[in-house]
$ cat protein-v3.txt   # compact mmCIF, C-alpha atoms
# COMPACT_ATOMS: atom_id res chain seq x y z
CA MET Q 13 8.69 6.49 -17.24
CA ILE Q 14 5.05 7.36 -16.56
CA THR Q 15 4.76 10.93 -15.33
CA SER Q 16 1.00 11.26 -15.40
CA PRO Q 17 -1.89 8.78 -15.37
CA THR Q 18 -3.33 10.62 -18.38
CA GLN Q 19 -0.67 8.80 -20.41
CA LEU Q 20 -2.33 5.48 -19.65
CA LEU Q 21 -4.60 4.08 -22.32
CA ALA Q 22 -8.05 2.80 -21.51
CA VAL Q 23 -7.88 -0.97 -21.14
CA PRO Q 24 -10.69 -3.57 -21.03
CA GLN Q 25 -11.40 -4.98 -17.60
CA PRO Q 26 -11.17 -8.78 -17.32
CA ILE Q 27 -14.24 -10.64 -16.08
CA THR Q 28 -13.14 -12.96 -13.29
CA ILE Q 29 -15.15 -15.05 -10.85
CA MET Q 30 -13.45 -15.35 -7.46
CA ASP Q 31 -14.50 -17.03 -4.26
CA GLU Q 32 -14.82 -14.86 -1.14
CA THR Q 33 -11.25 -15.38 0.10
CA GLU Q 34 -9.74 -14.75 -3.32
CA GLY Q 35 -11.90 -11.65 -3.74
CA GLU Q 36 -10.74 -10.23 -0.43
CA ASN Q 37 -7.12 -11.10 -1.15
CA PHE Q 38 -7.32 -9.57 -4.61
CA ALA Q 39 -8.48 -6.32 -3.03
CA VAL Q 40 -5.45 -6.40 -0.73
CA PHE Q 41 -3.08 -7.06 -3.63
CA ARG Q 42 -4.69 -4.32 -5.73
CA ASP Q 43 -4.17 -1.88 -2.87
CA CYS Q 44 -0.52 -2.95 -2.49
CA LEU Q 45 0.05 -2.57 -6.23
CA SER Q 46 -1.59 0.86 -6.20
CA THR Q 47 0.90 1.87 -3.50
CA THR Q 48 3.81 0.92 -5.77
CA LEU Q 49 2.40 3.02 -8.63
CA LEU Q 50 1.46 5.94 -6.40
CA GLU Q 51 4.98 6.06 -5.01
CA LYS Q 52 6.29 6.49 -8.55
CA ARG Q 53 3.86 9.35 -9.09
CA ASN Q 54 4.31 11.03 -5.73
CA THR Q 55 7.72 12.70 -5.45
CA LYS Q 56 8.42 13.35 -1.80
CA SER Q 57 8.78 17.06 -1.18
CA GLU Q 58 11.12 18.67 1.32
CA PRO Q 59 9.86 18.24 4.88
CA LYS Q 60 7.62 21.05 6.07
CA ARG Q 61 7.49 21.95 9.73
CA ARG Q 62 4.61 24.38 9.35
CA ARG Q 63 1.39 22.98 10.69
CA ARG Q 64 -2.20 23.46 9.73
CA ALA Q 65 -1.18 25.31 6.59
CA LYS Q 66 -3.99 26.04 4.19
CA ALA Q 67 -3.85 24.26 0.85
CA ALA Q 68 -3.49 26.45 -2.20
CA PRO Q 69 -6.85 27.23 -3.82
CA THR Q 70 -7.75 25.14 -6.87
CA ASN Q 71 -10.16 26.08 -9.61
CA ALA Q 72 -12.88 23.82 -11.00
CA ALA Q 73 -10.90 22.92 -14.14
CA SER Q 74 -7.91 21.80 -12.08
CA GLU Q 75 -10.11 19.72 -9.79
CA THR Q 76 -11.78 18.05 -12.79
CA SER Q 77 -8.41 17.29 -14.33
CA GLN Q 78 -7.15 15.71 -11.10
CA GLN Q 79 -10.30 13.61 -10.83
CA GLN Q 80 -9.96 12.39 -14.42
CA GLU Q 81 -6.30 11.56 -13.81
CA ALA Q 82 -7.24 9.56 -10.69
CA GLU Q 83 -9.96 7.65 -12.59
CA GLU Q 84 -7.57 6.73 -15.39
CA LEU Q 85 -4.93 5.57 -12.93
CA ALA Q 86 -7.54 3.51 -11.04
CA ASP Q 87 -8.59 1.81 -14.30
CA PHE Q 88 -5.00 0.89 -15.08
CA ILE Q 89 -4.31 -0.40 -11.56
CA GLU Q 90 -7.45 -2.56 -11.71
CA TYR Q 91 -6.40 -4.04 -15.05
CA LEU Q 92 -2.79 -4.66 -14.06
CA ALA Q 93 -3.72 -6.14 -10.66
CA HIS Q 94 -6.09 -8.63 -12.34
CA GLU Q 95 -3.51 -9.61 -14.92
CA ILE Q 96 -0.87 -10.33 -12.26
CA PHE Q 97 -3.09 -11.81 -9.52
CA GLU Q 98 -4.76 -14.32 -11.85
CA ASN Q 99 -1.34 -15.82 -12.59
CA PHE Q 100 -0.48 -16.41 -8.93
CA PRO Q 101 -0.60 -20.04 -7.71
CA GLU Q 102 -3.83 -20.86 -5.87
CA GLU Q 103 -2.13 -21.10 -2.47
CA LEU Q 104 -0.81 -17.56 -2.90
CA LYS Q 105 -4.24 -16.25 -3.95
CA GLU Q 106 -5.89 -17.77 -0.88
CA ILE Q 107 -3.16 -17.19 1.71
CA ASP Q 108 -4.07 -15.97 5.18
CA TYR Q 109 -2.48 -16.03 8.62
CA ARG Q 110 -3.72 -19.54 9.43
CA SER Q 111 -2.66 -21.16 6.14
CA TRP Q 112 0.70 -19.41 6.39
CA ARG Q 113 1.26 -20.58 9.96
CA ASN Q 114 0.34 -24.17 9.07
CA SER Q 115 2.36 -24.50 5.84
CA GLN Q 116 6.10 -24.87 6.03
CA ASP Q 117 6.23 -24.86 2.21
CA LEU Q 118 4.64 -21.39 2.06
CA GLN Q 119 6.99 -20.12 4.74
CA ASP Q 120 10.03 -21.56 2.96
CA GLN Q 121 9.08 -20.05 -0.39
CA PHE Q 122 7.65 -16.69 0.63
CA SER Q 123 9.35 -15.69 3.87
CA LEU Q 124 9.93 -11.97 4.26
CA PRO Q 125 11.95 -10.18 3.16
CA LEU Q 126 11.30 -11.58 -0.31
CA THR Q 127 14.15 -11.97 -2.76
CA MET Q 128 14.16 -12.44 -6.50
CA ASP Q 129 14.77 -16.16 -5.89
CA SER Q 130 11.45 -16.27 -4.00
CA LEU Q 131 9.59 -15.32 -7.19
CA GLU Q 132 11.17 -17.79 -9.58
CA SER Q 133 8.28 -20.23 -9.14
CA LEU Q 134 5.61 -17.69 -10.14
CA ASN Q 135 6.06 -18.38 -13.88
CA LEU Q 136 4.52 -15.09 -14.93
CA PRO Q 137 3.42 -15.06 -18.60
CA LEU Q 138 5.26 -12.94 -21.14
CA SER Q 139 2.16 -10.74 -21.54
CA ILE Q 140 2.75 -9.20 -18.10
CA SER Q 141 6.30 -8.20 -19.00
CA GLU Q 142 5.07 -6.74 -22.28
CA THR Q 143 2.38 -4.70 -20.51
CA LEU Q 144 4.91 -3.32 -18.02
CA LYS Q 145 7.32 -2.46 -20.84
CA THR Q 146 4.55 -0.75 -22.80
CA TYR Q 147 3.90 1.61 -19.91
CA SER Q 148 7.59 2.09 -19.08
CA LEU Q 149 7.29 0.41 -15.71
CA ILE Q 150 10.21 -1.96 -16.32
CA ALA Q 151 13.35 -1.59 -18.41
CA PRO Q 152 13.00 -2.47 -22.12
CA ASP Q 153 16.25 -4.44 -21.92
CA PRO Q 154 17.11 -6.03 -18.54
CA THR Q 155 20.76 -6.39 -19.53
CA LEU Q 156 21.27 -2.61 -19.79
CA SER Q 157 21.66 -0.15 -16.93
CA SER Q 158 18.35 1.56 -16.08
CA SER Q 159 16.58 3.29 -13.19
CA LEU Q 160 13.58 1.04 -13.87
CA PRO Q 161 13.18 -2.49 -12.46
CA PRO Q 162 14.81 -4.96 -14.88
CA THR Q 163 12.02 -7.57 -14.91
CA ALA Q 164 8.34 -8.07 -14.13
CA GLU Q 165 9.33 -9.99 -10.99
CA ALA Q 166 11.45 -7.09 -9.76
CA PHE Q 167 8.53 -4.69 -10.33
CA ILE Q 168 6.09 -6.95 -8.47
CA LEU Q 169 8.44 -7.61 -5.53
CA PRO Q 170 7.43 -4.58 -3.34
CA ALA Q 171 3.69 -5.12 -3.92
CA LEU Q 172 3.90 -8.85 -3.23
CA SER Q 173 5.98 -8.20 -0.10
CA ALA Q 174 3.32 -5.81 1.19
CA TYR Q 175 0.55 -8.28 0.24
CA LEU Q 176 2.19 -11.10 2.21
CA GLY Q 177 3.01 -8.81 5.11
CA THR Q 178 -0.64 -7.77 5.37
CA LEU Q 179 -2.15 -11.25 5.12
CA THR Q 180 0.34 -13.26 7.17
CA THR Q 181 0.67 -10.93 10.15
CA ALA Q 182 -1.10 -12.09 13.29
CA PRO Q 183 -4.15 -9.92 14.05
CA PRO Q 184 -3.94 -7.48 16.97
CA ALA Q 185 -5.02 -8.70 20.37
CA THR Q 186 -8.06 -6.42 20.23
CA ARG Q 187 -10.02 -4.96 17.35
CA GLU Q 188 -12.12 -2.64 19.51
CA THR Q 189 -10.49 0.42 17.95
CA ARG Q 190 -11.08 -0.68 14.34
CA ALA Q 191 -12.27 2.18 12.15
CA GLU Q 192 -14.79 1.90 9.32
CA GLU Q 193 -12.62 3.90 6.93
CA CYS Q 194 -8.96 4.73 6.41
CA GLU Q 195 -8.11 7.36 9.01
CA ILE Q 196 -5.94 9.29 6.54
CA CYS Q 197 -7.71 9.26 3.14
CA GLU Q 198 -11.19 8.33 4.50
CA ARG Q 199 -11.89 5.65 1.88
CA SER Q 200 -14.41 3.30 3.49
CA TRP Q 201 -14.48 0.38 1.04
CA ILE Q 202 -10.80 -0.53 0.87
CA PRO Q 203 -8.88 -3.15 2.91
CA LEU Q 204 -7.41 -1.75 6.13
CA SER Q 205 -4.48 -2.78 8.28
CA TYR Q 206 -3.39 -1.47 11.65
CA HIS Q 207 -0.50 0.96 12.02
CA HIS Q 208 1.27 1.29 15.37
CA LEU Q 209 1.23 5.01 16.02
CA ILE Q 210 4.32 4.49 18.14
CA PRO Q 211 6.42 2.15 15.97
CA ARG Q 212 7.36 -1.12 17.64
CA PHE Q 213 11.03 -0.73 16.73
CA VAL Q 214 11.39 2.16 19.19
CA HIS Q 215 9.10 1.03 22.03
CA GLU Q 216 11.94 0.49 24.50
CA LYS Q 217 13.55 3.83 23.61
CA VAL Q 218 10.40 5.95 23.96
CA VAL Q 219 9.56 4.51 27.38
CA LYS Q 220 13.15 4.97 28.62
CA ARG Q 221 13.16 8.60 27.42
CA GLY Q 222 9.77 9.30 28.94
CA TRP Q 223 8.07 10.22 25.67
CA HIS Q 224 5.20 7.79 26.24
CA LYS Q 225 3.76 5.55 28.89
CA LYS Q 226 3.97 1.79 28.43
CA GLU Q 227 0.18 1.48 28.18
CA ASP Q 228 0.16 3.78 25.13
CA LEU Q 229 2.51 1.65 23.04
CA GLN Q 230 -0.27 -0.42 21.47
CA ASN Q 231 -2.27 2.55 20.15
CA VAL Q 232 -3.05 1.96 16.49
CA ALA Q 233 -4.61 3.70 13.50
CA TRP Q 234 -6.45 1.78 10.79
CA LEU Q 235 -5.06 2.68 7.37
CA CYS Q 236 -5.30 1.50 3.78
CA GLY Q 237 -2.11 0.07 2.31
CA ALA Q 238 -1.22 3.20 0.35
CA CYS Q 239 -1.56 5.50 3.37
CA HIS Q 240 0.22 3.02 5.63
CA ARG Q 241 3.25 2.99 3.34
CA PHE Q 242 3.09 6.78 2.95
CA VAL Q 243 3.25 7.33 6.72
CA HIS Q 244 6.36 5.17 7.03
CA HIS Q 245 8.03 7.08 4.20
CA PHE Q 246 6.90 10.42 5.59
CA LYS Q 247 9.06 10.25 8.73
CA ASN Q 248 11.40 7.74 10.37
CA HIS Q 249 10.37 5.59 13.35
CA GLU Q 250 11.76 7.91 15.98
CA GLU Q 251 10.15 11.02 14.46
CA LEU Q 252 6.78 9.26 14.21
CA ALA Q 253 7.01 8.19 17.85
CA ARG Q 254 8.11 11.63 19.11
CA ASP Q 255 6.05 14.01 16.97
CA TYR Q 256 3.32 12.11 15.10
CA TYR Q 257 1.87 9.62 17.56
CA THR Q 258 -1.80 10.42 16.83
CA VAL Q 259 -3.80 10.64 13.61
CA GLU Q 260 -4.54 14.28 14.41
CA LEU Q 261 -0.83 15.13 14.56
CA LEU Q 262 -0.26 13.42 11.22
CA LEU Q 263 -3.16 15.23 9.56
CA ALA Q 264 -1.92 18.59 10.83
CA GLU Q 265 0.94 18.41 8.32
CA GLU Q 266 0.38 19.94 4.89
CA GLU Q 267 2.24 17.12 3.15
CA VAL Q 268 -0.10 14.54 4.69
CA GLN Q 269 -3.15 16.63 3.78
CA GLN Q 270 -2.04 16.82 0.16
CA TRP Q 271 -1.43 13.07 0.04
CA ALA Q 272 -4.82 12.31 1.60
CA ASN Q 273 -6.57 14.59 -0.90
CA TRP Q 274 -4.98 12.74 -3.83
CA ALA Q 275 -5.40 9.20 -2.46
CA SER Q 276 -9.09 9.80 -1.67
CA LYS Q 277 -9.78 10.31 -5.39
CA LEU Q 278 -8.69 6.76 -6.33
CA ARG Q 279 -11.79 4.60 -6.61
CA TRP Q 280 -12.28 1.25 -8.26
CA LYS Q 281 -15.21 1.00 -10.68
CA GLY Q 282 -15.95 -2.51 -9.45
CA GLY Q 283 -16.90 -1.12 -6.06
CA GLY Q 284 -15.78 -2.29 -2.65
CA VAL Q 285 -15.34 -5.74 -1.19
CA ARG Q 286 -15.82 -7.04 2.29
CA ARG Q 287 -12.82 -6.14 4.41
CA ARG Q 288 -10.82 -8.70 6.33
$ encode --input "protein-v3.txt" --output "structure tokens"
Amino acid sequence: MITSPTQLLAVPQPITIMDETEGENFAVFRDCLSTTLLEKRNTKSEPKRRRRAKAAPTNAASETSQQQEAEELADFIEYLAHEIFENFPEELKEIDYRSWRNSQDLQDQFSLPLTMDSLESLNLPLSISETLKTYSLIAPDPTLSSSLPPTAEAFILPALSAYLGTLTTAPPATRETRAEECEICERSWIPLSYHHLIPRFVHEKVVKRGWHKKEDLQNVAWLCGACHRFVHHFKNHEELARDYYTVELLLAEEEVQQWANWASKLRWKGGGVRRR
């Protein structure tokens, strides 16, 4: 299993010409895939209740090492995302809310939550499985017990689920609050999605208990995919609604600060793309 991005070898970047929609969708998929790999790297620490704690001082050598590690991981994510995305069917590369809404075939094949049966039609080439095995991202033998995903499809499942969830969700009623950068890691060139600061699953409960007013339930923060997934793993819905219902409250936690510091170092050499 990969324990550090420094274990990843430098890989040549494929040259691919995409239309505007495909380019935007590739950026979304790359961000979703990066979340999967970052979750493997980032071991969740014990919850810390202390707020506004100062991060431990780092020397220049440590900072340089972290930056190099982030650059190597970004190179690998870029390569792997291209290799997988280019083998998606065209309708999956170009999917958006409108095409999803108007296509019963897409809904039948890729309804969430995805299952392994949903991915049978992808026909991923053997080279993808070999790449994932090389970097210990899937099990070398799918018939043997392992903590790793057994197949390339199983590895891709979380990233593809997040990709579809981002692109097929109806846009919010208003975009007046849209930020120009992720409100956690502050990356300004990466696709953003909206996060309900008071999770929808507990809206009825928080109003009944008097934690929030009804008019506050639609408050959102604009986050990149990696930070969005991190927030939902950081605390459960009820804790987010009760204690972390603003970006400021989230950023007051040391664990969130440490995550944001790491995520902000991940940058793609190809530069940014226009956001959706």
$ closest_atom_pairs --input "protein-v3.txt" --of "stretch 155-212 of chain Q" --to "stretch 133-142 of chain Q" --cutoff "12 Å" --atoms "only C-alpha atoms" --output "Markdown table"
| residue | atom | partner | partner_atom | distance |
| --- | --- | --- | --- | --- |
| Q:Pro161 | CA | Q:Ser141 | CA | 11.1 |
| Q:Pro162 | CA | Q:Ser141 | CA | 10.0 |
| Q:Thr163 | CA | Q:Ser141 | CA | 7.1 |
| Q:Ala164 | CA | Q:Ser141 | CA | 5.3 |
| Q:Glu165 | CA | Q:Leu136 | CA | 8.0 |
| Q:Ala166 | CA | Q:Ser141 | CA | 10.6 |
| Q:Phe167 | CA | Q:Ser141 | CA | 9.6 |
| Q:Ile168 | CA | Q:Ile140 | CA | 10.4 |
| Q:Leu169 | CA | Q:Leu134 | CA | 11.4 |
| Q:Leu172 | CA | Q:Leu134 | CA | 11.3 |
$ closest_residue --input "protein-v3.txt" --among "Q:Ser115, Q:Gln78, Q:Thr143, Q:Asn231" --to "Q:Val259" --atoms "all atoms listed in the file"
Q:Asn231
$ residues_around --input "protein-v3.txt" --residues "Q:Ala93" --least-positions-apart "3" --cutoff "7 Å" --atoms "all atoms listed in the file" --output "count of residues only"
6
$ residues_around --input "protein-v3.txt" --residues "stretch 214-224 of chain Q" --least-positions-apart "4" --cutoff "9 Å" --atoms "all atoms listed in the file" --output "PyMOL selection string"
chain Q and resi 210+228-229+249-250+253-254
$ closest_residue --input "protein-v3.txt" --among "Q:Phe88, Q:Tyr256, Q:Phe213, Q:Tyr206" --to "Q:Arg279" --atoms "all atoms listed in the file"
Q:Phe88
$ atom_distance --input "protein-v3.txt" --atom1 "atom CA of Q:Thr76" --atom2 "atom CA of Q:Phe246"
27.3 Å
$ atom_distance --input "protein-v3.txt" --atom1 "atom CA of Q:Tyr175" --atom2 "atom CA of Q:Phe242"
15.5 Å
$ atom_distance --input "protein-v3.txt" --atom1 "atom CA of Q:Thr47" --atom2 "atom CA of Q:Ala238"
4.6 Å
$ closest_residue --input "protein-v3.txt" --among "Q:Ala151, Q:Leu49, Q:Leu92, Q:Ile196" --to "Q:Ser276" --atoms "only C-alpha atoms"
Q:Ile196
$ residues_around --input "protein-v3.txt" --residues "Q:Arg241" --least-positions-apart "5" --cutoff "10 Å" --atoms "all atoms listed in the file" --output "PDB file with C-alpha atoms, keeping the file's coordinate frame"
ATOM      1  CA  CYS Q  44      -0.520  -2.950  -2.490  1.00  0.00           C
ATOM      2  CA  THR Q  47       0.900   1.870  -3.500  1.00  0.00           C
ATOM      3  CA  THR Q  48       3.810   0.920  -5.770  1.00  0.00           C
ATOM      4  CA  GLU Q  51       4.980   6.060  -5.010  1.00  0.00           C
ATOM      5  CA  ALA Q 174       3.320  -5.810   1.190  1.00  0.00           C
ATOM      6  CA  HIS Q 207      -0.500   0.960  12.020  1.00  0.00           C
ATOM      7  CA  LEU Q 235      -5.060   2.680   7.370  1.00  0.00           C
ATOM      8  CA  CYS Q 236      -5.300   1.500   3.780  1.00  0.00           C
ATOM      9  CA  PHE Q 246       6.900  10.420   5.590  1.00  0.00           C
TER      10      PHE Q 246
END
$ closest_residue --input "protein-v3.txt" --among "Q:Ile150, Q:Val40, Q:Leu209, Q:Leu176" --to "Q:Gln121" --atoms "all atoms listed in the file"
Q:Leu176
